[in-house]
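Q: Here it is, the structure in full.
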Amino acid sequence: MPHRLSKSRYTAGIQCHKLLWWKVHEPNAVELQPGKVLQDRFDQGAQVGALARDRFPGGVLVDLPHRAVDQRVKLTRKLIDDGTPAIFEASFLAANTFVAVDVLTPQDDGYHLTEVKSSTSQKEEHLPDAAVQVHVLQQSGLRITGVDVMHLSKDCHFPDLSNLFERTDVTEAVQPLLGKVGWEIDAQLQMLEGPLPDVAIGLHCHEPYECPFMARCWPKDRDHIMNLSGVGPKKGCDFLLTGVHRIGDLPAQQKLNITQKRQIRAMRENCLIVEPGLKQALEAFHGRIGFLDFETIQRAVPVWPGMGPWEQAPAQFSYHELQDDGSYAHDEFLAEGPKDCRPALVRHMLEATKHADTIATYSHFERTKIRALQKAVPELQPELEALEHKLIDLLPVVRENVYHPDFLGSFSLKYILHPLVPELTYDDLVIVDGLVASVEIARLLFVAGKIPKDEHDRVRQDLLNYCERDTWAMVKVLEKLRGLARG
């Protein structure tokens, strides 16, 4: 049997032929198995799709297995012939390409195609997805009169979900792409019949989506140009196009910022660089010092009062505080159950932090969340404002004063921790990533009834361990920085 495309395969091929080849020829590759974060995105996308169908009264779902292509196509034809007002997952096969349209509705002696997305805006990468569907439907004999992307609305706020969706017409935007779809399908199908294609690394590895096979193609050298601090995918790939593959290849006249110059110096001398200004920068951390870290939930469909789609809301915190005897006290909070936990979290946090003079965070994230909490819990706004004034960001202190070659161009806490504090890692923890933590918190809060108690308790403890490690890591980093400043 010849290989068959789908809209997801087609868009993968638009991004990179090598990516598509691996997806087709190695469908069970470990890189393609969704982790907890990706699976959660799939699940939330399915929830958004189901809610979108409620906006089309009388619609009928082509509710057959995805692999039952012939049956799906036949049922779709029957629903069209019956004059169904809306068909969900309307299925068509043409030119060895199968597509299932999210919503197909009759319109002006033709049909209107609606693509449902769980993003809060219509994006450029949605257009090839829509274009291949239009092409296949036209090849199947349908006249397409309009195309839109139905996405989540930034103006929607819980509990009023009546305006959860908005629609962006992309009929005109899709037109220029239609002339290319046919030959692109042919090129992809022909490529799939041959060996793995040779495709150079570049920006397409990162955009519009990061390739799951990145590790197969990209060098792991510490000196690789993508490890230059602050370079980003676009600038890094620009360097690659000019033949600069390693940081050591940068021309002498290359304009670099202070942080990048410090990085290059550290790599050249293969040692930790400590700037004289570190001592003064650390003077901001004075008196009784606390260390605060949040973990959040982030849902496509908002769940708590005032929240919008994909808005992050704190549901957990860890807090360490230096005591008079030099030891550290620890306090923590992790939400239980689906109700809005923010009032309880705020009260617990204000009590825990009330004696601190300064509170260290790592990044400005905690500050932005405390500002959001001022709106979510307005009766405690003055106290939260006072707490905000105590916050001091440790990240810029590191970025502007210290560099170790093993930072690999990053100043995230996990990248700087081991080079600065080798004895402390996250290796003994089950949860080691904030995105995974967010998914696990949401799972405990909103599907707790489906989780066995022993698993619930174990995951809860894993979350507490992870968040506590984040604040303890800040404690040890600040201690290390003070030692470096003295030495």
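Following the order of the structure tokens, chains are lettered A, B, ..., residues in each are numbered from 1, and ligands are numbered from 1.
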So that I can see what lies close to Leu391 of chain A, please list as a ChimeraX atom specification the residues with an atom at most 6 Å from it, counting only C-alpha atoms and leaving out residues fewer than 2 positions away in the same chain.

A: /A:359-360,388-389

Q: Write out, as a tab-separated table, each residue of segment 316-346 of chain A that has an atom at most 10 Å from segment 352-357 of chain A, together with the closest pair of atoms and their distance in Å to one decimal, counting only C-alpha atoms, rows going by chain and rising number.

A:
```
residue	atom	partner	partner_atom	distance
A:Ser318	CA	A:Ala352	CA	9.9
A:Tyr319	CA	A:Ala352	CA	7.6
A:His320	CA	A:Ala352	CA	9.2
A:Glu321	CA	A:Ala356	CA	7.4
A:Leu322	CA	A:Ala356	CA	8.6
A:Gln323	CA	A:Ala356	CA	9.8
A:Ala329	CA	A:Ala352	CA	9.8
A:His330	CA	A:Ala352	CA	8.9
A:Asp331	CA	A:Ala352	CA	6.7
A:Glu332	CA	A:Ala352	CA	8.5
A:Val346	CA	A:Ala352	CA	9.8
```

Q: Would you please extract all helix (DSSP H, G or I) residues from segment 172-381 of chain A, as assigned by DSSP on the backbone, and give them as number ranges by chain?

A: A: 172-192, 203-205, 214-217, 225-227, 232-241, 247-249, 258-269, 278-282, 342-353, 365-376, 378-381

Q: Write the residues of the preceding selection, restricted to C-alpha atoms, as a PDB file, in the first residue's frame.

A:
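Saved to out31.pdb:
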```pdb
ATOM      1  CA  GLU A 172      -8.478  34.978   1.865  1.00  0.00           C
ATOM      2  CA  ALA A 173      -5.336  34.071   3.787  1.00  0.00           C
ATOM      3  CA  VAL A 174      -5.605  30.434   2.692  1.00  0.00           C
ATOM      4  CA  GLN A 175      -5.971  31.226  -1.027  1.00  0.00           C
ATOM      5  CA  PRO A 176      -2.257  31.824  -1.800  1.00  0.00           C
ATOM      6  CA  LEU A 177      -1.377  28.452  -0.259  1.00  0.00           C
ATOM      7  CA  LEU A 178      -3.829  26.382  -2.290  1.00  0.00           C
ATOM      8  CA  GLY A 179      -1.744  26.429  -5.464  1.00  0.00           C
ATOM      9  CA  LYS A 180       1.151  24.800  -3.600  1.00  0.00           C
ATOM     10  CA  VAL A 181      -0.737  22.065  -1.754  1.00  0.00           C
ATOM     11  CA  GLY A 182      -1.000  19.659  -4.681  1.00  0.00           C
ATOM     12  CA  TRP A 183       2.686  19.610  -5.547  1.00  0.00           C
ATOM     13  CA  GLU A 184       3.666  19.542  -1.872  1.00  0.00           C
ATOM     14  CA  ILE A 185       1.518  16.432  -1.363  1.00  0.00           C
ATOM     15  CA  ASP A 186       3.184  14.821  -4.382  1.00  0.00           C
ATOM     16  CA  ALA A 187       6.638  15.766  -3.094  1.00  0.00           C
ATOM     17  CA  GLN A 188       5.923  14.369   0.375  1.00  0.00           C
ATOM     18  CA  LEU A 189       4.517  11.087  -0.941  1.00  0.00           C
ATOM     19  CA  GLN A 190       7.463  10.649  -3.301  1.00  0.00           C
ATOM     20  CA  MET A 191       9.915  11.411  -0.493  1.00  0.00           C
ATOM     21  CA  LEU A 192       8.277   8.813   1.751  1.00  0.00           C
ATOM     22  CA  LEU A 203      15.036  27.364  12.087  1.00  0.00           C
ATOM     23  CA  HIS A 204      12.502  24.757  10.913  1.00  0.00           C
ATOM     24  CA  CYS A 205      13.745  22.553  13.776  1.00  0.00           C
ATOM     25  CA  MET A 214      15.950  17.416  17.738  1.00  0.00           C
ATOM     26  CA  ALA A 215      18.477  15.274  19.600  1.00  0.00           C
ATOM     27  CA  ARG A 216      19.016  13.096  16.523  1.00  0.00           C
ATOM     28  CA  CYS A 217      20.159  16.003  14.365  1.00  0.00           C
ATOM     29  CA  ILE A 225      26.479  28.389  18.750  1.00  0.00           C
ATOM     30  CA  MET A 226      22.970  27.640  20.057  1.00  0.00           C
ATOM     31  CA  ASN A 227      24.492  27.632  23.559  1.00  0.00           C
ATOM     32  CA  GLY A 232      17.514  32.264  20.512  1.00  0.00           C
ATOM     33  CA  PRO A 233      16.585  29.987  17.586  1.00  0.00           C
ATOM     34  CA  LYS A 234      16.346  32.699  14.904  1.00  0.00           C
ATOM     35  CA  LYS A 235      19.653  34.421  15.609  1.00  0.00           C
ATOM     36  CA  GLY A 236      21.350  31.093  16.226  1.00  0.00           C
ATOM     37  CA  CYS A 237      20.189  29.740  12.878  1.00  0.00           C
ATOM     38  CA  ASP A 238      21.315  32.975  11.211  1.00  0.00           C
ATOM     39  CA  PHE A 239      24.783  32.232  12.566  1.00  0.00           C
ATOM     40  CA  LEU A 240      24.594  28.698  11.147  1.00  0.00           C
ATOM     41  CA  LEU A 241      23.740  30.056   7.698  1.00  0.00           C
ATOM     42  CA  ILE A 247      30.929  29.931  19.775  1.00  0.00           C
ATOM     43  CA  GLY A 248      34.655  29.788  19.076  1.00  0.00           C
ATOM     44  CA  ASP A 249      33.933  30.500  15.389  1.00  0.00           C
ATOM     45  CA  ILE A 258      28.372  41.880  28.319  1.00  0.00           C
ATOM     46  CA  THR A 259      26.893  38.527  29.328  1.00  0.00           C
ATOM     47  CA  GLN A 260      28.026  36.875  26.097  1.00  0.00           C
ATOM     48  CA  LYS A 261      31.528  38.304  26.474  1.00  0.00           C
ATOM     49  CA  ARG A 262      31.664  36.940  30.030  1.00  0.00           C
ATOM     50  CA  GLN A 263      30.526  33.535  28.741  1.00  0.00           C
ATOM     51  CA  ILE A 264      33.225  33.447  26.059  1.00  0.00           C
ATOM     52  CA  ARG A 265      35.867  34.446  28.595  1.00  0.00           C
ATOM     53  CA  ALA A 266      34.737  31.676  30.976  1.00  0.00           C
ATOM     54  CA  MET A 267      34.813  29.132  28.151  1.00  0.00           C
ATOM     55  CA  ARG A 268      38.228  30.275  26.942  1.00  0.00           C
ATOM     56  CA  GLU A 269      39.708  30.116  30.442  1.00  0.00           C
ATOM     57  CA  LEU A 278      28.678  40.627  42.928  1.00  0.00           C
ATOM     58  CA  LYS A 279      29.261  41.772  46.520  1.00  0.00           C
ATOM     59  CA  GLN A 280      27.279  44.979  46.049  1.00  0.00           C
ATOM     60  CA  ALA A 281      24.484  43.163  44.185  1.00  0.00           C
ATOM     61  CA  LEU A 282      24.053  40.782  47.116  1.00  0.00           C
ATOM     62  CA  ARG A 342      -6.172  31.202  45.868  1.00  0.00           C
ATOM     63  CA  PRO A 343      -7.735  32.818  48.966  1.00  0.00           C
ATOM     64  CA  ALA A 344      -6.426  29.989  51.170  1.00  0.00           C
ATOM     65  CA  LEU A 345      -3.010  30.050  49.474  1.00  0.00           C
ATOM     66  CA  VAL A 346      -2.704  33.807  49.967  1.00  0.00           C
ATOM     67  CA  ARG A 347      -3.617  33.659  53.655  1.00  0.00           C
ATOM     68  CA  HIS A 348      -1.170  30.832  54.266  1.00  0.00           C
ATOM     69  CA  MET A 349       1.575  32.632  52.342  1.00  0.00           C
ATOM     70  CA  LEU A 350       1.052  35.949  54.125  1.00  0.00           C
ATOM     71  CA  GLU A 351       1.274  34.218  57.497  1.00  0.00           C
ATOM     72  CA  ALA A 352       4.422  32.315  56.488  1.00  0.00           C
ATOM     73  CA  THR A 353       6.220  35.390  55.138  1.00  0.00           C
ATOM     74  CA  PHE A 365       7.416  35.018  37.795  1.00  0.00           C
ATOM     75  CA  GLU A 366       6.447  35.143  41.469  1.00  0.00           C
ATOM     76  CA  ARG A 367       6.082  38.921  41.289  1.00  0.00           C
ATOM     77  CA  THR A 368       3.688  38.699  38.330  1.00  0.00           C
ATOM     78  CA  LYS A 369       1.641  36.012  40.074  1.00  0.00           C
ATOM     79  CA  ILE A 370       1.415  38.029  43.298  1.00  0.00           C
ATOM     80  CA  ARG A 371       0.109  40.946  41.260  1.00  0.00           C
ATOM     81  CA  ALA A 372      -2.487  38.645  39.718  1.00  0.00           C
ATOM     82  CA  LEU A 373      -3.421  37.413  43.196  1.00  0.00           C
ATOM     83  CA  GLN A 374      -4.137  41.013  44.210  1.00  0.00           C
ATOM     84  CA  LYS A 375      -6.998  40.959  41.708  1.00  0.00           C
ATOM     85  CA  ALA A 376      -8.097  37.420  42.550  1.00  0.00           C
ATOM     86  CA  PRO A 378      -8.897  41.827  46.468  1.00  0.00           C
ATOM     87  CA  GLU A 379      -9.674  41.841  50.197  1.00  0.00           C
ATOM     88  CA  LEU A 380      -5.996  41.096  50.837  1.00  0.00           C
ATOM     89  CA  GLN A 381      -4.574  43.434  48.204  1.00  0.00           C
TER      90      GLN A 381
END
```

Q: Which parts of segment 53-245 of chain A does DSSP call strand (DSSP E or B) when run on the backbone here, written out as a ChimeraX atom specification?

A: /A:60-61,87-94,97-107,110-116,144-152,157,160,165-169,224

Q: Using the selection just defined, write its residues with C-alpha atoms as a short mmCIF file (atom, residue, chain, number, x, y, z; two decimals), in the first residue's frame.

A:
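Writing done, so here's selection04.cif:
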```
data_model
loop_
_atom_site.label_atom_id
_atom_site.label_comp_id
_atom_site.auth_asym_id
_atom_site.auth_seq_id
_atom_site.Cartn_x
_atom_site.Cartn_y
_atom_site.Cartn_z
CA VAL A 60 -23.58 15.16 14.03
CA LEU A 61 -20.21 13.64 14.93
CA ILE A 87 -20.84 17.65 10.55
CA PHE A 88 -18.08 17.18 13.12
CA GLU A 89 -14.94 15.32 12.01
CA ALA A 90 -16.26 15.31 8.43
CA SER A 91 -13.92 12.89 6.65
CA PHE A 92 -12.55 12.98 3.12
CA LEU A 93 -9.87 11.11 1.18
CA ALA A 94 -8.31 12.42 -2.03
CA THR A 97 -4.47 12.37 1.77
CA PHE A 98 -7.06 11.93 4.52
CA VAL A 99 -8.52 14.87 6.41
CA ALA A 100 -11.15 15.13 9.13
CA VAL A 101 -12.68 18.60 9.27
CA ASP A 102 -13.53 19.83 12.75
CA VAL A 103 -16.80 21.44 11.63
CA LEU A 104 -18.34 21.41 8.15
CA THR A 105 -21.51 23.45 7.58
CA PRO A 106 -23.58 24.18 4.43
CA GLN A 107 -23.19 27.76 3.21
CA GLY A 110 -21.30 25.23 -0.85
CA TYR A 111 -19.68 24.43 2.44
CA HIS A 112 -17.93 26.34 5.21
CA LEU A 113 -14.94 24.80 6.97
CA THR A 114 -14.19 25.59 10.61
CA GLU A 115 -10.89 24.54 12.19
CA VAL A 116 -11.04 24.50 16.01
CA ILE A 144 -15.75 25.62 -0.27
CA THR A 145 -17.24 29.06 0.32
CA GLY A 146 -15.44 30.02 3.50
CA VAL A 147 -12.84 29.00 6.07
CA ASP A 148 -12.37 30.19 9.63
CA VAL A 149 -10.37 29.32 12.71
CA MET A 150 -12.41 29.02 15.88
CA HIS A 151 -10.14 29.71 18.85
CA LEU A 152 -10.41 30.62 22.51
CA HIS A 157 -13.42 34.94 32.10
CA ASP A 160 -19.15 33.23 32.18
CA PHE A 165 -14.76 31.14 21.50
CA GLU A 166 -14.18 33.67 18.78
CA ARG A 167 -13.76 33.07 15.06
CA THR A 168 -11.20 34.50 12.66
CA ASP A 169 -11.98 34.32 8.95
CA HIS A 224 27.72 24.96 19.84
#
```

Q: Which residues come within 12 Å of segment 39-49 of chain A, counting only C-alpha atoms, excluding same-chain residues fewer than 2 positions away, as an NGL selection string?

A: :A and (32-37 or 51-56 or 61 or 88-89 or 101-103 or 114-120 or 150-153 or 161 or 164-165 or 297-302 or 309-310 or 435-443)

Q: Please provide the set of residues having any atom within 6 Å of segment 465-478 of chain A, restricted to only C-alpha atoms, with same-chain residues fewer than 3 positions apart removed, written as a ChimeraX atom specification.

A: /A:291,318,462,481

Q: Selected residues, all heavy atoms, written as a compact mmCIF listing (two decimals), in the first residue's frame, please.

A:
```txt
# COMPACT_ATOMS: atom_id res chain seq x y z
N PHE A 291 12.70 32.67 50.91
CA PHE A 291 12.89 32.16 49.56
C PHE A 291 11.55 31.56 49.11
O PHE A 291 11.06 30.62 49.74
CB PHE A 291 13.99 31.09 49.52
CG PHE A 291 15.33 31.59 50.00
CD1 PHE A 291 15.60 31.68 51.37
CD2 PHE A 291 16.30 31.98 49.09
CE1 PHE A 291 16.83 32.16 51.81
CE2 PHE A 291 17.53 32.46 49.53
CZ PHE A 291 17.80 32.54 50.89
N SER A 318 6.30 26.90 47.98
CA SER A 318 7.28 26.47 48.99
C SER A 318 7.98 27.71 49.50
O SER A 318 8.21 28.66 48.73
CB SER A 318 8.30 25.50 48.37
OG SER A 318 9.35 25.23 49.29
N ASP A 462 5.34 13.91 45.75
CA ASP A 462 6.31 14.25 44.70
C ASP A 462 6.28 15.74 44.38
O ASP A 462 7.32 16.37 44.16
CB ASP A 462 6.01 13.45 43.42
CG ASP A 462 6.30 11.96 43.58
OD1 ASP A 462 7.04 11.60 44.50
OD2 ASP A 462 5.76 11.17 42.77
N LEU A 481 26.94 32.22 46.30
CA LEU A 481 27.26 33.54 45.78
C LEU A 481 27.93 34.40 46.85
O LEU A 481 28.89 35.14 46.57
CB LEU A 481 26.01 34.23 45.25
CG LEU A 481 25.35 33.60 44.02
CD1 LEU A 481 24.07 34.33 43.66
CD2 LEU A 481 26.30 33.59 42.82
```

Q: Any idea what the distance is between atom CA of Ile289 of chain A and atom CA of Leu387 of chain A?

A: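 Result for atom CA of Ile289 of chain A versus atom CA of Leu387 of chain A: 12.6 Å, one decimal.
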
Q: Could you tell me how far atom CA of Tyr403 of chain A lies from atom CA of Gly483 of chain A, in Å and to one decimal?

A: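 Calculated distance between atom CA of Tyr403 of chain A and atom CA of Gly483 of chain A is 14.9 Å.
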
Q: Could you give me, as a list in words, the residues within 7 Å of Leu394 of chain A, counting only C-alpha atoms and dropping anything in the same chain fewer than 3 positions from it?

A: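 Contacts, in chain order: Ala360, Thr361, Tyr362, Ser363, Val397 and Val398 of chain A.
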
Q: Put those residues in a file: all heavy atoms, as a PDB file, in the first residue's frame.

A:
```
ATOM      1  N   ALA A 360      13.690  36.242  48.440  1.00  0.00           N
ATOM      2  CA  ALA A 360      14.324  35.924  47.167  1.00  0.00           C
ATOM      3  C   ALA A 360      13.398  35.079  46.304  1.00  0.00           C
ATOM      4  O   ALA A 360      12.740  34.154  46.790  1.00  0.00           O
ATOM      5  CB  ALA A 360      15.639  35.177  47.402  1.00  0.00           C
ATOM      6  N   THR A 361      13.353  35.407  45.028  1.00  0.00           N
ATOM      7  CA  THR A 361      12.705  34.571  44.017  1.00  0.00           C
ATOM      8  C   THR A 361      13.735  34.339  42.920  1.00  0.00           C
ATOM      9  O   THR A 361      14.791  34.978  42.897  1.00  0.00           O
ATOM     10  CB  THR A 361      11.459  35.239  43.432  1.00  0.00           C
ATOM     11  OG1 THR A 361      11.851  36.439  42.730  1.00  0.00           O
ATOM     12  CG2 THR A 361      10.457  35.600  44.520  1.00  0.00           C
ATOM     13  N   TYR A 362      13.436  33.410  42.022  1.00  0.00           N
ATOM     14  CA  TYR A 362      14.343  33.213  40.896  1.00  0.00           C
ATOM     15  C   TYR A 362      13.540  33.431  39.628  1.00  0.00           C
ATOM     16  O   TYR A 362      12.806  32.571  39.182  1.00  0.00           O
ATOM     17  CB  TYR A 362      14.990  31.826  40.922  1.00  0.00           C
ATOM     18  CG  TYR A 362      16.273  31.787  40.119  1.00  0.00           C
ATOM     19  CD1 TYR A 362      17.476  32.185  40.702  1.00  0.00           C
ATOM     20  CD2 TYR A 362      16.276  31.418  38.785  1.00  0.00           C
ATOM     21  CE1 TYR A 362      18.655  32.200  39.975  1.00  0.00           C
ATOM     22  CE2 TYR A 362      17.449  31.430  38.051  1.00  0.00           C
ATOM     23  CZ  TYR A 362      18.633  31.825  38.643  1.00  0.00           C
ATOM     24  OH  TYR A 362      19.805  31.847  37.912  1.00  0.00           O
ATOM     25  N   SER A 363      13.634  34.629  39.065  1.00  0.00           N
ATOM     26  CA  SER A 363      12.878  35.178  37.932  1.00  0.00           C
ATOM     27  C   SER A 363      11.786  36.092  38.490  1.00  0.00           C
ATOM     28  O   SER A 363      11.516  36.104  39.709  1.00  0.00           O
ATOM     29  CB  SER A 363      12.275  34.101  37.021  1.00  0.00           C
ATOM     30  OG  SER A 363      11.018  33.668  37.493  1.00  0.00           O
ATOM     31  N   VAL A 397      21.043  38.797  39.386  1.00  0.00           N
ATOM     32  CA  VAL A 397      22.293  38.861  40.149  1.00  0.00           C
ATOM     33  C   VAL A 397      23.282  37.843  39.589  1.00  0.00           C
ATOM     34  O   VAL A 397      24.465  38.132  39.402  1.00  0.00           O
ATOM     35  CB  VAL A 397      22.032  38.602  41.646  1.00  0.00           C
ATOM     36  CG1 VAL A 397      23.353  38.539  42.416  1.00  0.00           C
ATOM     37  CG2 VAL A 397      21.122  39.675  42.222  1.00  0.00           C
ATOM     38  N   VAL A 398      22.775  36.630  39.299  1.00  0.00           N
ATOM     39  CA  VAL A 398      23.627  35.602  38.705  1.00  0.00           C
ATOM     40  C   VAL A 398      24.030  36.012  37.289  1.00  0.00           C
ATOM     41  O   VAL A 398      25.215  35.990  36.928  1.00  0.00           O
ATOM     42  CB  VAL A 398      22.899  34.242  38.683  1.00  0.00           C
ATOM     43  CG1 VAL A 398      23.748  33.193  37.978  1.00  0.00           C
ATOM     44  CG2 VAL A 398      22.555  33.791  40.098  1.00  0.00           C
TER      45      VAL A 398
END
```
